[in-house]
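K.L.:
Input: one structure, supplied below.
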Amino acid sequence: MATPHHSSALHAPALSAAYPMAKPGYGKRSAPDQRPHTPHDFALLPTRERYVAGFVDHLPEGAAMSVKTLAKQLPLYGQQAISTALKALSVAGHLRRVRCTVGAGDETRWAFRTFWSRTARDNEWWNAYLAAENTRAARHALKVTTPSTVAPPPPWVPAEGPPPPALPERPRGEAAPDAPEPSRTDPATEPAEASAPISVPHQSVPHQRPPADPPDTAPAPGPAPSTAATTARPGPTAATAATASAAATAPHSPAYLALARLGRRDHRLGLSADDCATLEAQAAEWLARGVDADYLTTALTAGLPAQVDSPLGFVRRRLTDKIPPRLLPAEQASPAAPARRVLMECTDCGTPGRPEALPDGLCRPCRAAHHSEPADSPVGTAEAAAGARDIGAYIAGLRDLLKAP
């Protein structure tokens with residue numbers, strides 16, 4: 001005989017399967033500034049659309065919004081009915097299907113999202129909201145692709161050279177050893193220059209005696225110090241040579257170098273240094289108009305005659321006659337339109353486009369087909385069956401007319 005088990009605890013409810021979530025970055029997205037939940041939400045919609053809208057409204061963020069997934073969770077309607085209901089909700093202003101770019105650089109991909117609003121919005125509101133989403137996505141992509149130019153401060157690097165030797169530890173109470181006293185020299189034997197103290201900031205350098213001459217050598221007789229100093233000074237010839245050397249090593253402009261290379265390119269256009277300096281301003285005008293040195297060299301050496309008597313005059317004439325047109329500066333050129341990172345999709349067929357080109361979330365063919373359909377004639381109703389019978393009767397009447405003599 002089985003003993004009954006009397007317990008006041010309630011039975012645990014049956015666990016329902018969790019609603020499938022979309023991949024990260026996909027799925028449902030709720031629009032801002034929505035009114036709170038009320039029992040009269042979607043009261044103006046037909047029965048099927050109200051049922052689907054109430055189910056979608058309670059889905060969490062990132063839930064899968066495909067027609068197939070919704071049809072599996074809503075057994076009352078099939079995929080075609082769910083697709084028609086979503087199209088009607090798009091026309092009513094509750095949802096928009098959107099493509100958004102995710103990632104940056106070579107890892108950019110399109111993510112498909114469904115923006116949902118419990119409060120019905122008009123086309124102007126959706127256009128402004130999606131334009132703000134596009135701007136936000138563009139700024140985020142720019143922040144990801146552009147690294148920060150502010151580098152962290154470099155770590156402290158010690159000065160070059162070996163580290164100073166560590167001082168040995170001494171027992172507590174023991175006096176520090178006296179530092180060796182620098183060697184003192186006789187001031188009488190030091191030269192006059194060494195007797196003056198040397199002031200070095202932040203350090204003290206002891207005086208040192210210059211090395212004395214070996215005992216077996218004696219200073220060679222020579223002119224007085226003032227005479228030797230006067231003789232060692234460089235004269236005007238040395239200054240002129242130094243100036244010429246500095247001028248020879250000074251870098252030349254790209255125009256001057258392009259003219260100097262003409263003789264290496266074709267010996268008929270060999271120019272001297274004075275010729276290159278004379279024509280440098282004209283060649284620089286070519287480079288200022290956006291051409292490079294190779295373009296300049298090719299234009300001056302193309303189609304040369306068999307003999308060039310005056311390379312200077314020939315190159316000057318070509319620099320004047322063949323000067324290229326001035327290009328528009330970069331700031332005056334028409335800027336390219338930025339790539340859109342948010343594109344709306346047609347709720348019915350999925351055709352992408354700008355929000356302005358898809359009013360009510362539908363493309364032109366789908367919008368025309370939606371407006372041509374009866375508003376309150378769902379598939380399988382009595383009105384549809386009556387229409388089918390009327391068509392059959394009309395066809396039977398046509399057949400009877402054909403049989404008549």
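All residue names refer to the structure tokens as shown: chains lettered A, B, ... in order, residues numbered from 1 in each chain, ligands numbered from 1 in order.
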Excluding same-chain residues fewer than 3 positions from Ala53 (chain A), what lies within 8 Å of it counting only C-alpha atoms, as a list in words?
P.N.:
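So the residues in contact are Phe42, Glu49, Arg50, Val56, Asp57 and Leu89 of chain A.
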K.L.:
Please provide the set of residues having any atom within 12 Å of region 342-356 of chain A, restricted to only C-alpha atoms, with same-chain residues fewer than 6 positions apart removed, written as a short mmCIF file (atom, residue, chain, number, x, y, z; two decimals) with N, CA and C atoms, in the first residue's frame.
P.N.:
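Saved result, result_11.cif, follows:
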data_model
loop_
_atom_site.label_atom_id
_atom_site.label_comp_id
_atom_site.auth_asym_id
_atom_site.auth_seq_id
_atom_site.Cartn_x
_atom_site.Cartn_y
_atom_site.Cartn_z
N MET A 65 15.73 37.91 -34.81
CA MET A 65 14.52 38.51 -35.37
C MET A 65 14.22 38.02 -36.77
N SER A 66 14.73 36.90 -37.15
CA SER A 66 14.44 36.37 -38.48
C SER A 66 13.03 35.81 -38.52
N VAL A 67 12.47 35.77 -39.71
CA VAL A 67 11.10 35.27 -39.87
C VAL A 67 11.01 33.80 -39.47
N GLN A 80 5.03 32.90 -43.77
CA GLN A 80 4.43 33.92 -44.64
C GLN A 80 3.59 34.90 -43.84
N ALA A 81 2.85 34.40 -42.88
CA ALA A 81 2.02 35.28 -42.05
C ALA A 81 2.89 36.19 -41.18
N ILE A 82 4.00 35.66 -40.65
CA ILE A 82 4.90 36.47 -39.84
C ILE A 82 5.55 37.55 -40.69
N SER A 83 5.94 37.21 -41.92
CA SER A 83 6.55 38.20 -42.81
C SER A 83 5.57 39.33 -43.13
N THR A 84 4.30 38.97 -43.39
CA THR A 84 3.29 40.00 -43.66
C THR A 84 3.05 40.87 -42.43
N ALA A 85 3.07 40.27 -41.25
CA ALA A 85 2.85 41.04 -40.03
C ALA A 85 4.00 42.00 -39.77
N LEU A 86 5.24 41.57 -40.00
CA LEU A 86 6.38 42.46 -39.82
C LEU A 86 6.35 43.62 -40.81
N LYS A 87 5.89 43.33 -42.03
CA LYS A 87 5.77 44.41 -43.01
C LYS A 87 4.71 45.43 -42.57
N ALA A 88 3.63 44.95 -42.01
CA ALA A 88 2.60 45.87 -41.52
C ALA A 88 3.11 46.67 -40.32
N LEU A 89 3.92 46.05 -39.45
CA LEU A 89 4.49 46.78 -38.31
C LEU A 89 5.50 47.83 -38.77
N SER A 90 6.19 47.55 -39.86
CA SER A 90 7.11 48.55 -40.41
C SER A 90 6.35 49.74 -40.96
N VAL A 91 5.26 49.49 -41.65
CA VAL A 91 4.44 50.59 -42.17
C VAL A 91 3.83 51.39 -41.02
N GLY A 93 5.23 52.02 -38.28
CA GLY A 93 6.26 52.82 -37.64
C GLY A 93 6.86 52.19 -36.40
N HIS A 94 6.76 50.87 -36.24
CA HIS A 94 7.27 50.23 -35.03
C HIS A 94 8.66 49.60 -35.23
N LEU A 95 9.07 49.29 -36.45
CA LEU A 95 10.37 48.64 -36.62
C LEU A 95 11.00 49.07 -37.94
N ARG A 96 12.31 48.92 -37.99
CA ARG A 96 13.11 49.13 -39.20
C ARG A 96 14.23 48.10 -39.21
N ARG A 97 14.45 47.50 -40.37
CA ARG A 97 15.58 46.57 -40.54
C ARG A 97 16.76 47.34 -41.12
N VAL A 98 17.95 47.14 -40.53
CA VAL A 98 19.11 47.97 -40.83
C VAL A 98 20.32 47.08 -40.97
N ARG A 99 21.24 47.49 -41.88
CA ARG A 99 22.58 46.89 -41.98
C ARG A 99 23.60 47.86 -41.39
N CYS A 100 24.42 47.40 -40.46
CA CYS A 100 25.44 48.23 -39.82
C CYS A 100 26.80 47.57 -40.00
N THR A 101 27.82 48.38 -40.29
CA THR A 101 29.17 47.86 -40.40
C THR A 101 29.77 47.70 -39.00
N VAL A 102 30.39 46.57 -38.78
CA VAL A 102 31.01 46.25 -37.50
C VAL A 102 32.47 45.97 -37.75
N ARG A 109 32.67 43.95 -41.38
CA ARG A 109 31.60 43.08 -41.88
C ARG A 109 30.27 43.77 -41.62
N TRP A 110 29.24 43.29 -42.28
CA TRP A 110 27.90 43.85 -42.14
C TRP A 110 27.14 43.04 -41.09
N ALA A 111 26.53 43.75 -40.13
CA ALA A 111 25.67 43.13 -39.13
C ALA A 111 24.23 43.56 -39.40
N PHE A 112 23.29 42.62 -39.29
CA PHE A 112 21.89 42.86 -39.60
C PHE A 112 21.13 43.01 -38.28
N ARG A 113 20.49 44.17 -38.11
CA ARG A 113 19.79 44.47 -36.88
C ARG A 113 18.37 44.91 -37.19
N THR A 114 17.50 44.76 -36.19
CA THR A 114 16.11 45.21 -36.28
C THR A 114 15.87 46.19 -35.15
N PHE A 115 15.67 47.46 -35.48
CA PHE A 115 15.39 48.48 -34.49
C PHE A 115 13.90 48.49 -34.21
N ASP A 122 7.13 58.22 -37.06
CA ASP A 122 6.95 58.53 -38.47
C ASP A 122 8.28 58.41 -39.21
N ASN A 123 8.24 58.61 -40.51
CA ASN A 123 9.44 58.45 -41.33
C ASN A 123 10.51 59.48 -40.97
N GLU A 124 10.13 60.71 -40.67
CA GLU A 124 11.11 61.74 -40.33
C GLU A 124 11.88 61.38 -39.07
N TRP A 125 11.19 60.83 -38.08
CA TRP A 125 11.88 60.45 -36.84
C TRP A 125 12.87 59.32 -37.11
N TRP A 126 12.46 58.33 -37.88
CA TRP A 126 13.36 57.21 -38.18
C TRP A 126 14.56 57.68 -39.00
N ASN A 127 14.34 58.58 -39.96
CA ASN A 127 15.46 59.09 -40.76
C ASN A 127 16.47 59.82 -39.89
N ALA A 128 16.01 60.68 -38.99
CA ALA A 128 16.93 61.40 -38.11
C ALA A 128 17.65 60.45 -37.16
N TYR A 129 16.94 59.45 -36.64
CA TYR A 129 17.58 58.51 -35.72
C TYR A 129 18.65 57.68 -36.41
N LEU A 130 18.36 57.20 -37.61
CA LEU A 130 19.34 56.39 -38.34
C LEU A 130 20.52 57.24 -38.82
N ALA A 131 20.28 58.52 -39.14
CA ALA A 131 21.40 59.41 -39.48
C ALA A 131 22.32 59.60 -38.27
N ALA A 132 21.75 59.74 -37.08
CA ALA A 132 22.58 59.83 -35.88
C ALA A 132 23.33 58.54 -35.63
N GLU A 133 22.71 57.39 -35.89
CA GLU A 133 23.40 56.12 -35.74
C GLU A 133 24.55 56.00 -36.73
N ASN A 134 24.37 56.51 -37.95
CA ASN A 134 25.44 56.46 -38.94
C ASN A 134 26.62 57.34 -38.50
N THR A 135 26.35 58.53 -37.97
CA THR A 135 27.42 59.40 -37.49
C THR A 135 28.15 58.77 -36.31
N ARG A 136 27.41 58.15 -35.41
CA ARG A 136 28.03 57.51 -34.26
C ARG A 136 28.91 56.33 -34.69
N ALA A 137 28.44 55.55 -35.65
CA ALA A 137 29.24 54.44 -36.13
C ALA A 137 30.50 54.91 -36.85
N ALA A 138 30.40 56.01 -37.62
CA ALA A 138 31.58 56.54 -38.30
C ALA A 138 32.61 57.05 -37.30
N LEU A 362 9.93 50.25 -46.67
CA LEU A 362 9.67 49.40 -47.84
C LEU A 362 10.21 50.08 -49.08
N CYS A 363 10.71 49.27 -50.01
CA CYS A 363 11.14 49.79 -51.30
C CYS A 363 9.90 50.09 -52.15
N ARG A 364 10.11 50.67 -53.31
CA ARG A 364 8.98 51.09 -54.13
C ARG A 364 8.11 49.92 -54.59
N PRO A 365 8.66 48.80 -55.12
CA PRO A 365 7.78 47.70 -55.54
C PRO A 365 7.01 47.09 -54.37
N CYS A 366 7.69 46.89 -53.23
CA CYS A 366 7.00 46.29 -52.09
C CYS A 366 5.94 47.24 -51.52
N ARG A 367 6.22 48.55 -51.55
CA ARG A 367 5.24 49.50 -51.06
C ARG A 367 4.01 49.53 -51.95
N ALA A 368 4.22 49.44 -53.28
CA ALA A 368 3.08 49.41 -54.19
C ALA A 368 2.26 48.13 -54.01
N ALA A 369 2.98 47.01 -53.80
CA ALA A 369 2.25 45.75 -53.60
C ALA A 369 1.49 45.76 -52.28
N HIS A 370 2.08 46.40 -51.26
CA HIS A 370 1.40 46.44 -49.96
C HIS A 370 0.14 47.29 -50.01
#
K.L.:
Considering only C-alpha atoms, can you say which of A:Ala71, A:Leu401, A:Ala273, A:Ala293 comes closest to Ala255 (chain A)?
P.N.:
A:Ala293
K.L.:
From the set A:Met21, A:Leu76, A:Leu300, A:Leu59, which residue has the shortest atom-to-atom contact distance to Val315 (chain A), counting only C-alpha atoms?
P.N.:
A:Leu300
K.L.:
Quick check, in Å to one decimal: how far apart do CA of Leu74 (chain A) and CA of His371 (chain A) lie?
P.N.:
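Straight-line distance from CA of Leu74 (chain A) to CA of His371 (chain A) works out to 26.0 Å.
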